[in-house]
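Here the structure comes first, spelled out in structure tokens, and everything after it is commentary.
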Amino acid sequence: MRQLLILCFILCSTFGFAGGQPTASSSDSLVLIFGNKTRMVIHSTDKNGIQELAKYDLNRIIRDMGLKLDSTDNGNTLVMVDKNNSVRYLRDTVIVVTKKDGNVTVTIRESNNDRVGERQESKRSQDRVGKDDEDYTFRPNDYRRKNGWSRWSMFSVNVGLNLFTNAPGSNALTDDQYQLRPIGSRFVSLAIGQRPVLARGRRAALSVYYGLEFAWNNFMFENDNTVRKGPAGVEFVPIGQEVQKSKLTAATIGIPLVPRVSFYNQSGKKVFHIGAGPYVNYRIDSYTKIKYENDEKDRFRSNYYLNDLRYGLMTHLGIGKTNFFVRYDLNPLFEEDRGPDLRALSFGITL
């Protein structure tokens with residue numbers, strides 16, 4: 001019954017119905033019966049008024065009425081359509097909603113793109129963070145993706161440097177044969193993943209990043225030596241001549257899992273994020289490469305007693321649009337009793 005009364009007021013005010021009751025000779029009525037309890041009565045002073053219904057989008061009127069009813073608890077909400085607002089419900093109108101500098105502009109345009117009406121609302125952005133975005137745009141997912149609330153598909157490139165670190169209680173790095181070139185020892189990974197939002201508030205959001213990555217650890221030696229697979233373990237041996245570079249490369253495939261907390265300013269723009277979590281990688285290839293002074297190259301493939309399974313902890317840190325990462329292997333790079341007890345540490349930026 002409440003919907004019936006509301007719709008009657010809507011249509012009556014749309015077609016200029018006001019004042020006292022018209023006589024039967026000067027008015028026409030249209031009664032639509034839905035089931036046993038719902039009726040829609042359309043009253044007009046003449047037949048032309050009822051024929052004007054073809055110009056209006058009744059679905060939009062009923063939809064707006066339903067939204068009003070859902071947002072109130074007292075049951076007394078009334079949607080009135082006066083002479084100025086009724087243009088919103090014409091079939092050929094397009095409502096354009098834009099947001100700039102915290103202001104929301106609603107522009108109503110007809111099919112000929114002439115401006116019919118414009119309304120501006122000043123909203124404090126901090127009152128909107130984490131709420132429904134339908135007042136800002138007709139595609140709320142675009143707003144959430146733009147502001148980092150939800151990213152369901154991500155491709156990233158991680159570029160950085162590698163270091164050897166001592167395991168707890170080990171002093172392997174005191175040996176010069178394990179020294180690496182800082183710039184030449186590079187880390188590269190290609191990753192595809194998802195970062196769904198688990199919880200969000202007005203100024204912060206909790207998400208978790210997971211995916212699949214292909215990573216390459218390049219360990220370029222400082223001295224003119226290389227790695228060789230011996231009968232009992234890995235051996236670091238001199239090359240016997242000057243070289244441009246000599247490195248050991250381990251290629252892996254892995255799965256990272258990083259919970260992340262993001263912080264936003266009053267306008268909903270991300271200003272900072274931090275996250276930490278585990279990763280597990282499996283070795284799919286490893287080789288050594290030597291480039292001599294005359295530009296000749298040698299490449300040798302072997303497992304070099306590297307641990308096939310590598311696991312550790314990684315940290316994500318973001319300031320504005322700049323993202324950093326740090327990775328630390330918790331298990332040794334080489335198999336136990338097959339090589340020095342070294343761990344890999346990688347750090348860099350995410351593109």
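Identifiers for the structure tokens are assigned positionally: chains receive A, B, ... in sequence, residues are indexed from 1 per chain, and ligands are indexed from 1 in the order shown.
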
- Contacts of stretch 237-252 of chain A at 10 Å or less, counting only C-alpha atoms, minus same-chain residues fewer than 5 places along, as an MDAnalysis selection string? chainID A and resid 177 180:181 184:189 213:228 280:301 303:304 306 308:310 333

For the residues in that selection, give me N, CA and C atoms as a short mmCIF file (atom, residue, chain, number, x, y, z; two decimals), in the first residue's frame.
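Output contents, as saved in again_10.cif:
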data_model
loop_
_atom_site.label_atom_id
_atom_site.label_comp_id
_atom_site.auth_asym_id
_atom_site.auth_seq_id
_atom_site.Cartn_x
_atom_site.Cartn_y
_atom_site.Cartn_z
N GLN A 177 86.52 -15.45 -1.96
CA GLN A 177 85.98 -16.10 -3.16
C GLN A 177 84.46 -16.02 -3.24
N LEU A 180 80.74 -10.65 -4.08
CA LEU A 180 79.95 -10.38 -5.28
C LEU A 180 80.11 -8.93 -5.71
N ARG A 181 79.93 -8.71 -7.02
CA ARG A 181 79.87 -7.34 -7.52
C ARG A 181 78.50 -6.75 -7.17
N GLY A 184 76.46 -5.77 -10.51
CA GLY A 184 76.27 -6.88 -11.45
C GLY A 184 75.38 -7.98 -10.93
N SER A 185 75.27 -8.12 -9.62
CA SER A 185 74.45 -9.19 -9.04
C SER A 185 73.01 -8.71 -8.98
N ARG A 186 72.26 -9.01 -10.02
CA ARG A 186 70.91 -8.46 -10.16
C ARG A 186 69.83 -9.53 -9.91
N PHE A 187 68.71 -9.04 -9.41
CA PHE A 187 67.52 -9.87 -9.21
C PHE A 187 66.41 -9.34 -10.12
N VAL A 188 65.75 -10.25 -10.83
CA VAL A 188 64.64 -9.89 -11.72
C VAL A 188 63.53 -10.92 -11.55
N SER A 189 62.30 -10.45 -11.47
CA SER A 189 61.16 -11.37 -11.43
C SER A 189 59.99 -10.78 -12.20
N GLU A 213 55.17 -16.22 -9.81
CA GLU A 213 56.29 -15.43 -10.29
C GLU A 213 57.39 -16.31 -10.87
N PHE A 214 58.10 -15.74 -11.84
CA PHE A 214 59.32 -16.33 -12.37
C PHE A 214 60.46 -15.39 -11.99
N ALA A 215 61.47 -15.94 -11.30
CA ALA A 215 62.52 -15.10 -10.73
C ALA A 215 63.89 -15.61 -11.18
N TRP A 216 64.82 -14.65 -11.32
CA TRP A 216 66.22 -14.96 -11.67
C TRP A 216 67.13 -14.27 -10.68
N ASN A 217 67.91 -15.08 -9.95
CA ASN A 217 68.95 -14.56 -9.06
C ASN A 217 70.29 -14.66 -9.79
N ASN A 218 70.92 -13.53 -10.06
CA ASN A 218 72.22 -13.49 -10.71
C ASN A 218 73.27 -13.10 -9.67
N PHE A 219 74.21 -14.00 -9.42
CA PHE A 219 75.30 -13.75 -8.48
C PHE A 219 76.59 -13.58 -9.28
N MET A 220 77.02 -12.33 -9.45
CA MET A 220 78.22 -12.04 -10.23
C MET A 220 79.41 -11.88 -9.28
N PHE A 221 80.45 -12.66 -9.53
CA PHE A 221 81.58 -12.71 -8.61
C PHE A 221 82.52 -11.53 -8.81
N GLU A 222 83.06 -11.07 -7.70
CA GLU A 222 83.97 -9.93 -7.72
C GLU A 222 85.32 -10.32 -8.32
N ASN A 223 85.84 -11.45 -7.96
CA ASN A 223 87.13 -11.92 -8.45
C ASN A 223 86.95 -12.79 -9.70
N ASP A 224 88.04 -13.07 -10.37
CA ASP A 224 87.98 -13.87 -11.61
C ASP A 224 87.92 -15.34 -11.26
N ASN A 225 86.80 -15.73 -10.69
CA ASN A 225 86.60 -17.15 -10.39
C ASN A 225 85.21 -17.56 -10.83
N THR A 226 84.92 -18.84 -10.75
CA THR A 226 83.63 -19.37 -11.17
C THR A 226 83.26 -20.53 -10.26
N VAL A 227 82.07 -21.08 -10.48
CA VAL A 227 81.56 -22.18 -9.67
C VAL A 227 81.62 -23.46 -10.50
N ARG A 228 82.05 -24.52 -9.85
CA ARG A 228 82.12 -25.82 -10.53
C ARG A 228 81.54 -26.88 -9.61
N VAL A 280 57.62 -19.12 -1.46
CA VAL A 280 58.23 -20.43 -1.72
C VAL A 280 58.57 -20.49 -3.20
N ASN A 281 59.82 -20.81 -3.53
CA ASN A 281 60.27 -20.90 -4.92
C ASN A 281 60.93 -22.25 -5.17
N TYR A 282 60.78 -22.72 -6.41
CA TYR A 282 61.38 -23.99 -6.81
C TYR A 282 62.32 -23.76 -7.99
N ARG A 283 63.50 -24.34 -7.91
CA ARG A 283 64.51 -24.15 -8.96
C ARG A 283 64.10 -24.89 -10.23
N ILE A 284 64.10 -24.18 -11.37
CA ILE A 284 63.79 -24.80 -12.65
C ILE A 284 65.00 -24.79 -13.59
N ASP A 285 66.03 -24.01 -13.24
CA ASP A 285 67.24 -23.97 -14.08
C ASP A 285 68.34 -23.26 -13.30
N SER A 286 69.59 -23.62 -13.63
CA SER A 286 70.75 -22.93 -13.05
C SER A 286 71.93 -23.15 -13.97
N TYR A 287 72.78 -22.12 -14.07
CA TYR A 287 73.93 -22.19 -14.97
C TYR A 287 74.95 -21.15 -14.55
N THR A 288 76.17 -21.33 -15.05
CA THR A 288 77.23 -20.33 -14.90
C THR A 288 77.53 -19.75 -16.29
N LYS A 289 77.94 -18.49 -16.29
CA LYS A 289 78.26 -17.80 -17.53
C LYS A 289 79.54 -17.00 -17.33
N ILE A 290 80.46 -17.17 -18.27
CA ILE A 290 81.74 -16.45 -18.23
C ILE A 290 81.90 -15.68 -19.53
N LYS A 291 82.20 -14.40 -19.41
CA LYS A 291 82.47 -13.55 -20.57
C LYS A 291 83.91 -13.08 -20.49
N TYR A 292 84.70 -13.48 -21.49
CA TYR A 292 86.13 -13.19 -21.48
C TYR A 292 86.39 -11.79 -22.04
N GLU A 293 87.65 -11.39 -21.95
CA GLU A 293 88.04 -10.07 -22.43
C GLU A 293 87.86 -9.92 -23.93
N ASN A 294 87.96 -11.00 -24.68
CA ASN A 294 87.78 -10.94 -26.13
C ASN A 294 86.32 -11.14 -26.54
N ASP A 295 85.40 -11.03 -25.58
CA ASP A 295 83.95 -11.13 -25.78
C ASP A 295 83.46 -12.54 -26.04
N GLU A 296 84.34 -13.53 -25.98
CA GLU A 296 83.87 -14.91 -26.06
C GLU A 296 83.15 -15.29 -24.76
N LYS A 297 82.19 -16.22 -24.90
CA LYS A 297 81.38 -16.59 -23.74
C LYS A 297 81.33 -18.10 -23.58
N ASP A 298 81.29 -18.53 -22.33
CA ASP A 298 81.08 -19.93 -21.98
C ASP A 298 79.90 -20.02 -21.03
N ARG A 299 79.06 -21.01 -21.27
CA ARG A 299 77.90 -21.23 -20.41
C ARG A 299 77.84 -22.72 -20.07
N PHE A 300 77.70 -23.02 -18.78
CA PHE A 300 77.64 -24.41 -18.30
C PHE A 300 76.42 -24.57 -17.40
N ARG A 301 75.61 -25.60 -17.71
CA ARG A 301 74.42 -25.87 -16.92
C ARG A 301 74.66 -27.01 -15.94
N ASN A 303 73.12 -28.31 -11.60
CA ASN A 303 72.38 -27.88 -10.41
C ASN A 303 73.31 -27.26 -9.36
N TYR A 304 74.63 -27.51 -9.46
CA TYR A 304 75.64 -26.93 -8.58
C TYR A 304 75.29 -27.09 -7.11
N LEU A 306 72.65 -26.62 -5.66
CA LEU A 306 71.72 -25.62 -5.15
C LEU A 306 70.47 -26.30 -4.58
N ASP A 308 66.86 -27.12 -4.35
CA ASP A 308 65.76 -26.97 -5.30
C ASP A 308 64.64 -26.12 -4.71
N LEU A 309 64.39 -26.27 -3.43
CA LEU A 309 63.32 -25.53 -2.78
C LEU A 309 63.91 -24.40 -1.95
N ARG A 310 63.45 -23.20 -2.22
CA ARG A 310 63.89 -22.03 -1.47
C ARG A 310 62.66 -21.33 -0.90
N LEU A 333 71.42 -21.37 0.43
CA LEU A 333 71.40 -21.41 -1.03
C LEU A 333 71.85 -22.78 -1.54
#

- Task: With a distance cut-off of 9 Å and only C-alpha atoms, select the neighbouring residues of A:Lys229, excluding the residue or stretch itself and same-chain residues fewer than 5 positions from it, and output the selection as a VMD selection string.
- Result: chain A and resid 234 to 236 302 to 305

Would you output that residue set with all heavy atoms, as a compact mmCIF listing (two decimals), in the first residue's frame?
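That gives us part18.txt:
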# COMPACT_ATOMS: atom_id res chain seq x y z
N VAL A 234 80.10 -28.14 -4.17
CA VAL A 234 80.36 -27.05 -5.09
C VAL A 234 81.74 -26.48 -4.80
O VAL A 234 82.18 -26.39 -3.65
CB VAL A 234 79.27 -25.96 -4.96
CG1 VAL A 234 79.27 -25.31 -3.59
CG2 VAL A 234 79.43 -24.91 -6.03
N GLU A 235 82.44 -26.10 -5.87
CA GLU A 235 83.80 -25.57 -5.73
C GLU A 235 83.88 -24.19 -6.39
O GLU A 235 83.36 -24.00 -7.50
CB GLU A 235 84.81 -26.51 -6.39
CG GLU A 235 84.82 -27.91 -5.79
CD GLU A 235 85.73 -28.85 -6.57
OE1 GLU A 235 86.20 -28.44 -7.68
OE2 GLU A 235 85.96 -29.98 -6.12
N PHE A 236 84.49 -23.25 -5.70
CA PHE A 236 84.76 -21.92 -6.24
C PHE A 236 86.22 -21.91 -6.69
O PHE A 236 87.14 -21.96 -5.87
CB PHE A 236 84.51 -20.85 -5.18
CG PHE A 236 83.06 -20.69 -4.82
CD1 PHE A 236 82.43 -21.60 -3.97
CD2 PHE A 236 82.31 -19.64 -5.33
CE1 PHE A 236 81.09 -21.45 -3.65
CE2 PHE A 236 80.98 -19.49 -5.01
CZ PHE A 236 80.36 -20.39 -4.17
N SER A 302 74.17 -26.83 -14.73
CA SER A 302 74.25 -27.86 -13.70
C SER A 302 73.39 -27.41 -12.52
O SER A 302 72.98 -26.23 -12.46
CB SER A 302 75.70 -28.08 -13.25
OG SER A 302 75.75 -29.00 -12.18
N ASN A 303 73.12 -28.31 -11.60
CA ASN A 303 72.38 -27.88 -10.41
C ASN A 303 73.31 -27.26 -9.36
O ASN A 303 72.84 -26.58 -8.44
CB ASN A 303 71.60 -29.04 -9.81
CG ASN A 303 72.49 -30.14 -9.27
OD1 ASN A 303 73.72 -30.12 -9.41
ND2 ASN A 303 71.88 -31.12 -8.64
N TYR A 304 74.63 -27.51 -9.46
CA TYR A 304 75.64 -26.93 -8.58
C TYR A 304 75.29 -27.09 -7.11
O TYR A 304 75.65 -26.28 -6.27
CB TYR A 304 75.84 -25.43 -8.90
CG TYR A 304 76.38 -25.21 -10.29
CD1 TYR A 304 75.53 -24.75 -11.31
CD2 TYR A 304 77.71 -25.47 -10.61
CE1 TYR A 304 76.01 -24.55 -12.60
CE2 TYR A 304 78.20 -25.28 -11.90
CZ TYR A 304 77.34 -24.82 -12.89
OH TYR A 304 77.83 -24.64 -14.17
N TYR A 305 74.59 -28.16 -6.80
CA TYR A 305 74.18 -28.48 -5.43
C TYR A 305 73.32 -27.37 -4.82
O TYR A 305 73.28 -27.22 -3.59
CB TYR A 305 75.39 -28.76 -4.55
CG TYR A 305 76.21 -29.95 -5.01
CD1 TYR A 305 77.45 -29.77 -5.61
CD2 TYR A 305 75.74 -31.25 -4.87
CE1 TYR A 305 78.20 -30.83 -6.04
CE2 TYR A 305 76.49 -32.34 -5.29
CZ TYR A 305 77.72 -32.13 -5.90
OH TYR A 305 78.46 -33.20 -6.33

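Taking atom CA of A:Ile274 and atom CA of A:Asn166 as the two end points, the separation is 26.3 Å.
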
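You can rank A:Pro168, A:Pro196, A:Gly268, A:Gly160 by their closest distance to A:Pro182 using only C-alpha atoms, and at the top of that list sits A:Gly160.
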